[in-house]
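One file, input-v7.tsv, is given below (TSV, C-alpha atoms).
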```tsv
chain	number	residue	atom	x	y	z
A	1	MET	CA	-2.04	22.91	-109.18
A	2	ILE	CA	0.04	20.30	-107.39
A	3	ALA	CA	3.12	22.52	-107.54
A	4	LEU	CA	1.10	25.29	-105.86
A	5	ARG	CA	0.14	23.27	-102.79
A	6	HIS	CA	3.03	24.23	-100.57
A	7	ALA	CA	3.41	27.73	-101.97
A	8	ARG	CA	2.63	30.58	-99.59
A	9	PRO	CA	1.24	33.68	-101.28
A	10	ARG	CA	1.73	37.09	-99.64
A	11	ARG	CA	-0.27	40.25	-100.27
A	12	LYS	CA	1.60	43.12	-101.87
A	13	ASP	CA	2.30	45.86	-99.34
A	14	GLY	CA	0.05	48.89	-99.59
A	15	VAL	CA	-2.85	47.17	-101.35
A	16	THR	CA	-6.03	47.61	-99.32
A	17	LEU	CA	-9.32	45.77	-99.25
A	18	ARG	CA	-12.34	48.05	-99.23
A	19	SER	CA	-16.07	47.55	-99.01
A	20	ALA	CA	-18.56	50.12	-100.22
A	21	GLU	CA	-22.19	49.92	-101.29
A	22	GLY	CA	-22.20	46.17	-101.52
A	23	GLU	CA	-19.03	45.99	-103.62
A	24	ILE	CA	-15.72	44.70	-102.37
A	25	MET	CA	-12.58	45.89	-104.07
A	26	LEU	CA	-8.81	45.96	-103.84
A	27	TYR	CA	-7.10	49.29	-104.28
A	28	ASP	CA	-3.48	49.36	-105.37
A	29	PRO	CA	-2.12	52.87	-104.68
A	30	GLU	CA	1.03	52.18	-106.69
A	31	ASP	CA	-0.73	52.06	-110.03
A	32	GLU	CA	-4.05	53.49	-108.74
A	33	ARG	CA	-5.93	50.45	-109.97
A	34	VAL	CA	-9.11	49.04	-108.45
A	35	HIS	CA	-9.88	45.32	-108.64
A	36	PHE	CA	-13.46	44.23	-107.97
A	37	MET	CA	-13.70	41.08	-105.89
A	38	ASN	CA	-16.26	38.34	-105.38
A	39	THR	CA	-16.73	36.58	-102.04
A	40	THR	CA	-14.26	33.75	-102.70
A	41	ALA	CA	-11.59	36.05	-104.08
A	42	THR	CA	-11.97	38.27	-101.00
A	43	ALA	CA	-11.51	35.31	-98.67
A	44	ILE	CA	-8.47	34.02	-100.55
A	45	TRP	CA	-6.94	37.49	-100.56
A	46	GLN	CA	-7.38	37.74	-96.79
A	47	LEU	CA	-5.54	34.43	-96.41
A	48	CYS	CA	-2.51	35.59	-98.41
A	49	ASP	CA	-0.40	36.34	-95.31
A	50	GLY	CA	2.83	34.72	-96.48
A	51	GLU	CA	2.40	31.93	-93.90
A	52	THR	CA	-0.66	30.04	-95.07
A	53	GLU	CA	-0.01	27.35	-97.66
A	54	VAL	CA	-2.33	26.98	-100.63
A	55	SER	CA	-3.10	23.44	-99.46
A	56	GLU	CA	-4.33	24.84	-96.12
A	57	MET	CA	-6.59	27.31	-97.93
A	58	VAL	CA	-8.04	24.49	-100.02
A	59	SER	CA	-8.59	22.21	-97.00
A	60	ALA	CA	-10.33	24.94	-95.02
A	61	ILE	CA	-12.66	25.82	-97.90
A	62	CYS	CA	-13.47	22.14	-98.43
A	63	LEU	CA	-14.22	21.77	-94.72
A	64	LEU	CA	-16.48	24.81	-94.71
A	65	THR	CA	-18.31	24.24	-97.98
A	66	GLY	CA	-18.22	20.48	-98.44
A	67	LEU	CA	-17.07	21.00	-102.04
A	68	PRO	CA	-14.71	18.41	-103.58
A	69	ALA	CA	-11.01	19.20	-103.25
A	70	ASP	CA	-10.27	19.13	-107.00
A	71	VAL	CA	-12.93	21.76	-107.69
A	72	VAL	CA	-11.70	24.01	-104.87
A	73	GLU	CA	-8.05	23.53	-105.89
A	74	GLU	CA	-8.80	24.64	-109.42
A	75	ASP	CA	-10.72	27.73	-108.25
A	76	VAL	CA	-8.07	28.73	-105.72
A	77	ALA	CA	-5.26	28.22	-108.25
A	78	GLY	CA	-7.11	30.33	-110.80
A	79	LEU	CA	-7.65	33.14	-108.31
A	80	LEU	CA	-4.05	33.14	-107.12
A	81	GLU	CA	-2.74	33.11	-110.66
A	82	GLY	CA	-4.99	36.10	-111.35
A	83	PHE	CA	-3.62	37.91	-108.29
A	84	ALA	CA	-0.05	37.08	-109.32
A	85	ASP	CA	-0.60	38.23	-112.90
A	86	ALA	CA	-1.97	41.54	-111.57
A	87	GLY	CA	1.07	41.92	-109.32
A	88	LEU	CA	-1.09	41.78	-106.19
A	89	ILE	CA	0.76	38.92	-104.48
A	90	THR	CA	4.26	37.55	-104.21
A	91	TRP	CA	5.28	34.01	-103.30
A	92	VAL	CA	7.10	33.10	-100.11
A	93	GLY	CA	9.30	30.03	-99.99
A	94	GLU	CA	9.20	27.59	-102.89
A	95	PRO	CA	8.08	29.31	-106.09
A	96	PRO	CA	4.85	27.72	-107.33
A	97	THR	CA	6.24	26.80	-110.73
A	98	SER	CA	9.04	24.60	-109.39
A	99	PRO	CA	7.76	21.04	-109.27
A	100	GLU	CA	8.32	19.70	-105.80
A	101	GLU	CA	5.82	16.89	-105.74
A	102	PRO	CA	6.91	13.37	-106.71
A	103	ASP	CA	4.84	13.38	-109.89
A	104	GLY	CA	6.18	16.80	-110.88
A	105	ALA	CA	2.79	17.98	-112.08
A	106	ASN	CA	2.48	21.58	-113.26
A	107	GLU	CA	0.04	24.13	-111.91
A	108	SER	CA	-3.19	24.27	-113.82
A	109	GLY	CA	-4.04	27.14	-116.11
A	110	GLU	CA	-7.37	28.89	-116.33
B	111	MET	CA	-35.44	20.49	-99.00
B	112	ASP	CA	-39.11	21.50	-98.85
B	113	GLU	CA	-40.70	22.15	-102.25
B	114	ASP	CA	-43.27	24.57	-100.78
B	115	PRO	CA	-42.64	27.96	-102.42
B	116	ILE	CA	-43.46	29.77	-99.17
B	117	VAL	CA	-40.55	29.84	-96.75
B	118	ARG	CA	-41.88	29.67	-93.20
B	119	VAL	CA	-39.80	31.78	-90.83
B	120	LEU	CA	-39.54	32.05	-87.07
B	121	PHE	CA	-37.97	35.26	-85.80
B	122	ALA	CA	-36.55	35.57	-82.29
B	123	ASP	CA	-35.27	38.82	-80.85
B	124	HIS	CA	-35.80	40.48	-77.49
B	125	GLU	CA	-36.71	43.89	-78.97
B	126	PRO	CA	-40.45	43.97	-79.83
B	127	LEU	CA	-40.22	46.97	-82.15
B	128	PHE	CA	-37.41	45.38	-84.17
B	129	ARG	CA	-39.30	42.08	-84.34
B	130	GLU	CA	-42.41	43.82	-85.56
B	131	ALA	CA	-40.48	45.76	-88.22
B	132	ILE	CA	-38.75	42.64	-89.53
B	133	ARG	CA	-42.03	40.73	-89.60
B	134	VAL	CA	-43.67	43.44	-91.71
B	135	VAL	CA	-40.77	43.46	-94.16
B	136	LEU	CA	-40.55	39.68	-94.48
B	137	ASP	CA	-44.31	39.22	-94.79
B	138	ASN	CA	-44.24	41.67	-97.68
B	139	GLN	CA	-42.02	39.32	-99.64
B	140	PRO	CA	-44.05	37.00	-101.89
B	141	ASP	CA	-42.14	33.88	-100.82
B	142	LEU	CA	-41.61	34.53	-97.10
B	143	LEU	CA	-43.98	34.18	-94.17
B	144	VAL	CA	-43.22	34.81	-90.51
B	145	VAL	CA	-45.12	32.04	-88.72
B	146	ALA	CA	-43.97	32.95	-85.22
B	147	GLU	CA	-42.07	35.47	-83.15
B	148	ALA	CA	-40.18	34.72	-79.98
B	149	GLN	CA	-38.72	36.96	-77.32
B	150	THR	CA	-36.41	34.48	-75.63
B	151	GLY	CA	-34.27	31.51	-76.61
B	152	CYS	CA	-36.47	29.03	-74.74
B	153	GLN	CA	-39.57	30.42	-76.41
B	154	ALA	CA	-37.90	30.09	-79.82
B	155	VAL	CA	-36.93	26.47	-79.18
B	156	ALA	CA	-40.47	25.60	-78.07
B	157	LEU	CA	-41.98	27.28	-81.13
B	158	VAL	CA	-39.59	25.51	-83.49
B	159	GLU	CA	-40.66	22.18	-81.98
B	160	GLU	CA	-44.33	23.13	-82.31
B	161	LEU	CA	-44.35	24.74	-85.76
B	162	ASP	CA	-41.27	23.27	-87.51
B	163	PRO	CA	-40.47	26.37	-89.59
B	164	ASP	CA	-38.04	26.27	-92.52
B	165	ILE	CA	-35.83	29.00	-91.11
B	166	ALA	CA	-35.27	30.25	-87.56
B	167	ILE	CA	-33.70	33.67	-87.31
B	168	LEU	CA	-32.21	33.93	-83.84
B	169	ALA	CA	-30.62	37.05	-82.39
B	170	ALA	CA	-27.06	36.23	-81.31
B	171	ASP	CA	-27.60	37.77	-77.89
B	172	LEU	CA	-30.69	35.77	-76.93
B	173	PRO	CA	-30.23	34.50	-73.38
B	174	ASP	CA	-29.24	30.85	-73.05
B	175	CYS	CA	-31.91	28.27	-72.44
B	176	ASP	CA	-31.06	26.68	-69.09
B	177	GLY	CA	-27.39	27.20	-69.90
B	178	VAL	CA	-27.59	25.77	-73.43
B	179	ASP	CA	-27.17	27.85	-76.56
B	180	PRO	CA	-30.61	28.19	-78.24
B	181	VAL	CA	-28.98	27.75	-81.66
B	182	ARG	CA	-27.68	24.33	-80.65
B	183	LEU	CA	-31.07	23.36	-79.21
B	184	VAL	CA	-32.94	24.33	-82.38
B	185	VAL	CA	-30.45	22.44	-84.56
B	186	ASP	CA	-30.67	19.39	-82.29
B	187	ARG	CA	-34.44	19.36	-82.14
B	188	SER	CA	-35.39	20.03	-85.74
B	189	GLU	CA	-33.90	18.20	-88.71
B	190	ARG	CA	-35.54	20.57	-91.14
B	191	CYS	CA	-35.19	24.02	-89.63
B	192	ARG	CA	-32.02	25.90	-90.57
B	193	VAL	CA	-30.76	28.62	-88.24
B	194	LEU	CA	-29.72	32.09	-89.28
B	195	VAL	CA	-28.00	34.06	-86.53
B	196	LEU	CA	-28.56	37.79	-86.46
B	197	ALA	CA	-25.68	39.50	-84.65
B	198	ARG	CA	-25.13	43.07	-83.48
B	199	ASP	CA	-22.20	43.50	-85.86
B	200	GLU	CA	-19.68	41.53	-87.87
B	201	ASP	CA	-18.05	39.99	-84.82
B	202	GLN	CA	-15.72	37.08	-85.66
B	203	ASN	CA	-16.19	35.34	-82.32
B	204	ALA	CA	-19.95	35.52	-82.62
B	205	LEU	CA	-19.69	34.03	-86.12
B	206	LEU	CA	-17.49	31.16	-84.94
B	207	GLN	CA	-19.78	30.44	-82.00
B	208	ALA	CA	-22.83	30.47	-84.27
B	209	LEU	CA	-21.30	28.07	-86.78
B	210	GLU	CA	-19.97	25.77	-84.07
B	211	SER	CA	-23.47	25.62	-82.62
B	212	GLY	CA	-24.81	24.52	-85.99
B	213	ALA	CA	-26.07	27.75	-87.56
B	214	ALA	CA	-26.12	27.74	-91.36
B	215	GLY	CA	-25.97	31.48	-91.78
B	216	PHE	CA	-24.89	34.70	-90.12
B	217	VAL	CA	-26.02	38.25	-90.81
B	218	ALA	CA	-25.11	41.42	-88.91
B	219	ARG	CA	-27.75	43.94	-87.93
B	220	THR	CA	-25.57	46.53	-89.62
B	221	SER	CA	-26.23	44.83	-92.97
B	222	PRO	CA	-28.77	46.08	-95.50
B	223	LEU	CA	-32.22	44.51	-95.21
B	224	ASP	CA	-31.74	42.91	-98.63
B	225	ASP	CA	-28.86	40.87	-97.19
B	226	LEU	CA	-31.17	39.37	-94.56
B	227	ILE	CA	-33.76	38.47	-97.18
B	228	ALA	CA	-31.09	37.02	-99.49
B	229	ALA	CA	-29.67	35.01	-96.59
B	230	ILE	CA	-33.08	33.50	-95.74
B	231	ARG	CA	-33.55	32.43	-99.36
B	232	ALA	CA	-30.00	31.08	-99.59
B	233	LEU	CA	-30.46	28.99	-96.46
B	234	HIS	CA	-33.74	27.66	-97.80
B	235	ARG	CA	-31.90	26.57	-100.97
B	236	GLY	CA	-29.53	24.61	-98.72
B	237	GLU	CA	-26.66	27.07	-98.95
B	238	ALA	CA	-24.64	28.58	-96.13
B	239	MET	CA	-24.38	32.33	-95.71
B	240	VAL	CA	-21.47	34.25	-94.21
B	241	PRO	CA	-20.81	37.98	-94.78
B	242	PRO	CA	-18.20	38.24	-97.58
B	243	MET	CA	-15.68	40.21	-95.52
B	244	MET	CA	-15.89	37.62	-92.72
B	245	LEU	CA	-15.20	34.54	-94.80
B	246	GLY	CA	-11.42	35.05	-94.96
B	247	PRO	CA	-10.99	35.47	-91.19
B	248	LEU	CA	-13.28	32.47	-90.67
B	249	LEU	CA	-11.10	30.33	-92.94
B	250	ALA	CA	-8.01	31.66	-91.14
B	251	ALA	CA	-9.52	30.57	-87.81
B	252	LEU	CA	-10.20	27.09	-89.23
B	253	ILE	CA	-6.62	26.86	-90.48
B	254	ARG	CA	-5.26	27.96	-87.09
B	255	ARG	CA	-7.37	25.33	-85.37
B	256	ARG	CA	-6.16	22.60	-87.73
B	257	ARG	CA	-2.55	23.59	-87.09
B	258	GLU	CA	-3.14	23.47	-83.33
B	259	GLN	CA	-4.77	20.06	-83.63
B	260	ALA	CA	-1.88	18.78	-85.76
B	261	ALA	CA	0.59	20.01	-83.13
B	262	VAL	CA	-1.38	18.28	-80.37
B	263	LEU	CA	-1.58	15.04	-82.36
B	264	GLN	CA	2.17	15.24	-82.87
B	265	ARG	CA	2.67	15.38	-79.10
B	266	ILE	CA	0.14	12.60	-78.54
B	267	SER	CA	1.97	10.39	-81.02
B	268	ASN	CA	4.82	10.20	-78.48
B	269	LEU	CA	2.54	8.40	-76.02
B	270	THR	CA	2.40	4.63	-75.73
B	271	ARG	CA	-0.88	2.84	-76.35
B	272	ARG	CA	-1.46	2.50	-72.59
B	273	GLU	CA	-0.70	6.18	-72.02
B	274	ARG	CA	-3.21	7.13	-74.73
B	275	GLU	CA	-5.83	5.02	-72.97
B	276	VAL	CA	-5.00	6.86	-69.76
B	277	LEU	CA	-5.24	10.22	-71.54
B	278	VAL	CA	-8.69	9.37	-72.90
B	279	LEU	CA	-9.85	8.58	-69.38
B	280	VAL	CA	-8.23	11.74	-67.99
B	281	CYS	CA	-10.09	13.75	-70.64
B	282	LYS	CA	-13.31	12.15	-69.47
B	283	GLY	CA	-12.61	13.35	-65.94
B	284	ALA	CA	-11.52	10.04	-64.41
B	285	ASP	CA	-9.36	10.11	-61.26
B	286	SER	CA	-6.50	7.66	-60.62
B	287	ARG	CA	-8.74	5.14	-58.90
B	288	SER	CA	-11.26	5.14	-61.77
B	289	ILE	CA	-8.42	4.82	-64.27
B	290	ALA	CA	-7.01	1.91	-62.27
B	291	ASP	CA	-10.41	0.19	-62.16
B	292	GLU	CA	-11.04	0.74	-65.86
B	293	LEU	CA	-7.63	-0.52	-66.98
B	294	VAL	CA	-7.34	-3.19	-64.27
B	295	ILE	CA	-4.10	-1.82	-62.87
B	296	SER	CA	-3.12	-0.53	-59.43
B	297	PRO	CA	-3.80	3.12	-58.51
B	298	GLU	CA	-0.05	3.65	-58.13
B	299	THR	CA	0.54	2.43	-61.69
B	300	ALA	CA	-2.31	4.64	-62.90
B	301	ARG	CA	-0.71	7.65	-61.20
B	302	THR	CA	2.64	6.82	-62.82
B	303	HIS	CA	0.98	6.61	-66.24
B	304	VAL	CA	-0.75	9.96	-65.64
B	305	GLN	CA	2.56	11.59	-64.66
B	306	ASN	CA	4.22	10.19	-67.78
B	307	VAL	CA	1.37	11.47	-69.96
B	308	LEU	CA	1.58	14.96	-68.43
B	309	SER	CA	5.34	14.99	-68.84
B	310	LYS	CA	5.27	13.88	-72.49
B	311	LEU	CA	2.54	16.38	-73.33
B	312	GLY	CA	4.44	19.14	-71.58
B	313	VAL	CA	1.55	20.09	-69.31
B	314	HIS	CA	1.33	20.41	-65.55
B	315	SER	CA	-2.12	19.12	-64.67
B	316	ARG	CA	-4.84	16.75	-65.78
B	317	LEU	CA	-7.05	19.72	-66.50
B	318	GLU	CA	-4.39	21.17	-68.76
B	319	ALA	CA	-4.08	17.83	-70.56
B	320	ALA	CA	-7.83	17.66	-71.10
B	321	ALA	CA	-7.86	21.25	-72.35
B	322	LEU	CA	-5.00	20.48	-74.74
B	323	VAL	CA	-6.91	17.59	-76.30
B	324	GLY	CA	-9.97	19.78	-76.21
B	325	PRO	CA	-12.51	19.15	-78.91
B	326	ASP	CA	-14.44	15.90	-79.15
B	327	ASP	CA	-13.19	15.06	-82.64
B	328	LEU	CA	-9.59	15.04	-81.40
B	329	LEU	CA	-10.59	12.79	-78.51
B	330	ASP	CA	-12.22	10.46	-81.02
B	331	GLN	CA	-9.02	10.39	-83.08
B	332	LEU	CA	-7.13	9.60	-79.90
B	333	VAL	CA	-9.42	6.66	-79.16
B	334	GLU	CA	-9.10	5.39	-82.74
B	335	MET	CA	-5.29	5.69	-82.88
B	336	GLY	CA	-3.64	2.30	-83.20
B	337	PRO	CA	-1.04	0.92	-80.82
```
The structure in this file should be written as structure tokens.
Amino acid sequence: MIALRHARPRRKDGVTLRSAEGEIMLYDPEDERVHFMNTTATAIWQLCDGETEVSEMVSAICLLTGLPADVVEEDVAGLLEGFADAGLITWVGEPPTSPEEPDGANESGE
Amino acid sequence: MDEDPIVRVLFADHEPLFREAIRVVLDNQPDLLVVAEAQTGCQAVALVEELDPDIAILAADLPDCDGVDPVRLVVDRSERCRVLVLARDEDQNALLQALESGAAGFVARTSPLDDLIAAIRALHRGEAMVPPMMLGPLLAALIRRRREQAAVLQRISNLTRREREVLVLVCKGADSRSIADELVISPETARTHVQNVLSKLGVHSRLEAAALVGPDDLLDQLVEMGP
């Protein structure tokens, strides 16, 4: 996760967030796929503006929820990796896999 | 958290028909009981003090209580009672104001009734409740605020220890004479320090400087900053 901290995820153009009958979903018109979202995933998606660093997302969630940073970091990393694997986000600036922290730790897997 | 299985609820809204409808619905739940209704913010605060309910549902548009937000008053006056704000719609500013005042949950009147009931139970379990689509913008607002505070702290770091002391006093509304008395310096020296502070912060007035420092937690950081 450490290598993700300064990464800035950006939503893929054209993908829209929709809410209907209590369900929240992402619709990707390119491949006509629908991705069902939980509350945290929805919030993280909304923060993927290409400007907000992952570390800022983690800090804000910790501030709001009082959860420990390591737990939040792991959840956020997992969600972002899921978005990236589904082609729903791209990375702005430093790619998340290039170790830029002094200890050169790798991002965590799921 | 209270172990009593019945969650005691106070409901405050200025529309009697709406209050009555919500009371009927909540009282029909096996674990919820409306112990009081209020029509105004002041009435709600008084009833919370008298009855100490588990949850106070306060309409977001209740009139202030002598100029003070009723949410803040309830939070200040009851350690136990958790506040759920019921807003007209999913308005981000109303959400921020509610949370800043100490509310633990926020539900829009446009939400399904089940959401209100779920929110009451969640608050009673000690959880916070924000509409899912509003969480992202709320986090974005928190991030923006942190960035703004970091930028202000960066500017403040250019001040000398004495200038920071002057800034703290300016933020507390002190004039040059009061600053001079407090710091045991001449009023002329105090004025010079104030001018230097304004110049380094890039603002044009004491009011602007105080607004820049803004929230209390930043003022506290300013006081705690070393030389």
**Distance-based interface of chain B with chain A, 6 Å, counting all atoms listed in the file, as a VMD selection string** = chain B and resid 242 245 to 246 249
Written file, previous selection with C-alpha atoms, as a PDB file, in the frame of the given file:
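Done, and the output landed in result.pdb:
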```pdb
ATOM      1  CA  PRO B 242     -18.200  38.240 -97.580  1.00  0.00           C
ATOM      2  CA  LEU B 245     -15.200  34.540 -94.800  1.00  0.00           C
ATOM      3  CA  GLY B 246     -11.420  35.050 -94.960  1.00  0.00           C
ATOM      4  CA  LEU B 249     -11.100  30.330 -92.940  1.00  0.00           C
TER       5      LEU B 249
END
```
Just the residues within 12 Å of B:Asn203, please, counting all atoms listed in the file, with nothing from its chain fewer than 4 positions along; format it as a CSV table (one decimal) with C-alpha atoms, in the coordinates of the input.
```
chain,number,residue,atom,x,y,z
B,170,ALA,CA,-27.1,36.2,-81.3
B,197,ALA,CA,-25.7,39.5,-84.6
B,198,ARG,CA,-25.1,43.1,-83.5
B,199,ASP,CA,-22.2,43.5,-85.9
B,207,GLN,CA,-19.8,30.4,-82.0
B,208,ALA,CA,-22.8,30.5,-84.3
B,209,LEU,CA,-21.3,28.1,-86.8
B,210,GLU,CA,-20.0,25.8,-84.1
B,216,PHE,CA,-24.9,34.7,-90.1
B,244,MET,CA,-15.9,37.6,-92.7
B,247,PRO,CA,-11.0,35.5,-91.2
B,248,LEU,CA,-13.3,32.5,-90.7
B,251,ALA,CA,-9.5,30.6,-87.8
```
**Request:** Give me, please, the distance in Å between atom CA of B:Arg190 and atom CA of B:Asp141, quoted to one decimal.
**Result:**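 So the two atoms, atom CA of B:Arg190 and atom CA of B:Asp141, lie 17.7 Å apart.
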**Message:** Given the point (0.3, 39.5, -99.6) in the file's coordinates, find the residues that have an atom at most 12 Å from it, counting all atoms listed in the file, and give them as JSON, numbers by chain.
**Reply:** {"A": [8, 9, 10, 11, 12, 13, 14, 15, 16, 17, 26, 44, 45, 46, 47, 48, 49, 50, 51, 52, 80, 83, 84, 87, 88, 89, 90, 91, 92]}
**Request:** Quick one: residues within 8 Å of (1.5, 22.0, -100.1) (file frame), counting all atoms listed in the file, please, as a list of chain:residue names.
**Result:**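 The residues near that point, listed by chain and number, are A:Ile2, A:Ala3, A:Leu4, A:Arg5, A:His6, A:Ala7, A:Glu53, A:Val54, A:Ser55, A:Glu56.
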**Asked** What does the distance from atom CA of B:Ala290 to atom CA of B:Val276 come to in Å, to one decimal?
**Response** 9.2 Å
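From atom CA of B:Ala204 back to atom CA of B:Ala321, the distance works out to 21.3 Å.
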Would you place a box with edges along x, y and z of the file around all atoms of stretch 3-17 of chain A listed there, add 6 Å to each of its six sides, and report the centre and edge lengths in Å to one decimal, as AutoDock Vina command-line options?
```
--center_x -3.0 --center_y 35.7 --center_z -103.4 --size_x 24.7 --size_y 38.4 --size_z 20.3
```
**Prompt:** Which neighbours of B:Leu127 fall inside 12 Å, counting all atoms listed in the file, when residues of the same chain fewer than 5 positions from it are skipped, and could you give them as a ChimeraX atom specification?
**Reply:** /B:122,132-134,147,149
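You can rank B:Val117, B:Leu183, B:Ala250, B:Val262 by their closest distance to B:Lys310 using all atoms listed in the file, and at the top of that list sits B:Val262.
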**Prompt:** Hey, what's within 12 Å of B:Ala261 if we count only C-alpha atoms and toss same-chain stuff fewer than 4 positions away? As a list of chain:residue names, please?
**Reply:**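 Here the qualifying residues turn out to be B:Arg254, B:Arg255, B:Arg256, B:Arg257, B:Arg265, B:Ile266, B:Ser267, B:Asn268, B:Leu311, B:Leu322, B:Val323, B:Leu328.
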**Contact residues around B:Ala218 with only C-alpha atoms at 12 Å, ignoring same-chain residues under 5 positions, as a ChimeraX atom specification** = /B:167-171,194-202,204-205,223-226,229,239-244
Kindly complete stretch 27-50 of chain A to N, CA and C atoms; the output should be written as a short mmCIF file (atom, residue, chain, number, x, y, z; two decimals), in the frame of the given file.
```cif
data_model
loop_
_atom_site.label_atom_id
_atom_site.label_comp_id
_atom_site.auth_asym_id
_atom_site.auth_seq_id
_atom_site.Cartn_x
_atom_site.Cartn_y
_atom_site.Cartn_z
N TYR A 27 -7.66 48.06 -103.71
CA TYR A 27 -7.10 49.29 -104.28
C TYR A 27 -5.58 49.22 -104.16
N ASP A 28 -4.94 49.36 -105.32
CA ASP A 28 -3.48 49.36 -105.37
C ASP A 28 -3.01 50.79 -105.59
N PRO A 29 -2.48 51.45 -104.54
CA PRO A 29 -2.12 52.87 -104.68
C PRO A 29 -0.93 53.08 -105.62
N GLU A 30 -0.15 52.03 -105.85
CA GLU A 30 1.03 52.18 -106.69
C GLU A 30 0.65 52.51 -108.14
N ASP A 31 -0.30 51.76 -108.65
CA ASP A 31 -0.73 52.06 -110.03
C ASP A 31 -2.15 52.62 -110.07
N GLU A 32 -2.71 52.91 -108.88
CA GLU A 32 -4.05 53.49 -108.74
C GLU A 32 -5.12 52.65 -109.42
N ARG A 33 -4.94 51.34 -109.36
CA ARG A 33 -5.93 50.45 -109.97
C ARG A 33 -6.87 49.89 -108.90
N VAL A 34 -8.11 49.65 -109.33
CA VAL A 34 -9.11 49.04 -108.45
C VAL A 34 -9.50 47.69 -109.04
N HIS A 35 -9.52 46.67 -108.19
CA HIS A 35 -9.88 45.32 -108.64
C HIS A 35 -11.15 44.91 -107.89
N PHE A 36 -12.21 44.65 -108.62
CA PHE A 36 -13.46 44.23 -107.97
C PHE A 36 -13.38 42.75 -107.62
N MET A 37 -13.89 42.43 -106.44
CA MET A 37 -13.70 41.08 -105.89
C MET A 37 -15.06 40.41 -105.64
N ASN A 38 -15.09 39.09 -105.86
CA ASN A 38 -16.26 38.34 -105.38
C ASN A 38 -15.93 37.77 -103.99
N THR A 39 -16.89 37.04 -103.42
CA THR A 39 -16.73 36.58 -102.04
C THR A 39 -15.52 35.65 -101.89
N THR A 40 -15.37 34.71 -102.82
CA THR A 40 -14.26 33.75 -102.70
C THR A 40 -12.92 34.45 -102.87
N ALA A 41 -12.85 35.34 -103.86
CA ALA A 41 -11.59 36.05 -104.08
C ALA A 41 -11.22 36.88 -102.85
N THR A 42 -12.23 37.48 -102.22
CA THR A 42 -11.97 38.27 -101.00
C THR A 42 -11.38 37.40 -99.90
N ALA A 43 -11.99 36.22 -99.73
CA ALA A 43 -11.51 35.31 -98.67
C ALA A 43 -10.08 34.85 -98.95
N ILE A 44 -9.82 34.49 -100.20
CA ILE A 44 -8.47 34.02 -100.55
C ILE A 44 -7.46 35.13 -100.35
N TRP A 45 -7.83 36.34 -100.75
CA TRP A 45 -6.94 37.49 -100.56
C TRP A 45 -6.59 37.66 -99.09
N GLN A 46 -7.61 37.56 -98.23
CA GLN A 46 -7.38 37.74 -96.79
C GLN A 46 -6.46 36.67 -96.22
N LEU A 47 -6.40 35.52 -96.90
CA LEU A 47 -5.54 34.43 -96.41
C LEU A 47 -4.10 34.53 -96.93
N CYS A 48 -3.86 35.47 -97.83
CA CYS A 48 -2.51 35.59 -98.41
C CYS A 48 -1.60 36.36 -97.44
N ASP A 49 -1.20 35.69 -96.35
CA ASP A 49 -0.40 36.34 -95.31
C ASP A 49 1.07 35.94 -95.37
N GLY A 50 1.44 35.15 -96.37
CA GLY A 50 2.83 34.72 -96.48
C GLY A 50 3.15 33.53 -95.60
#
```
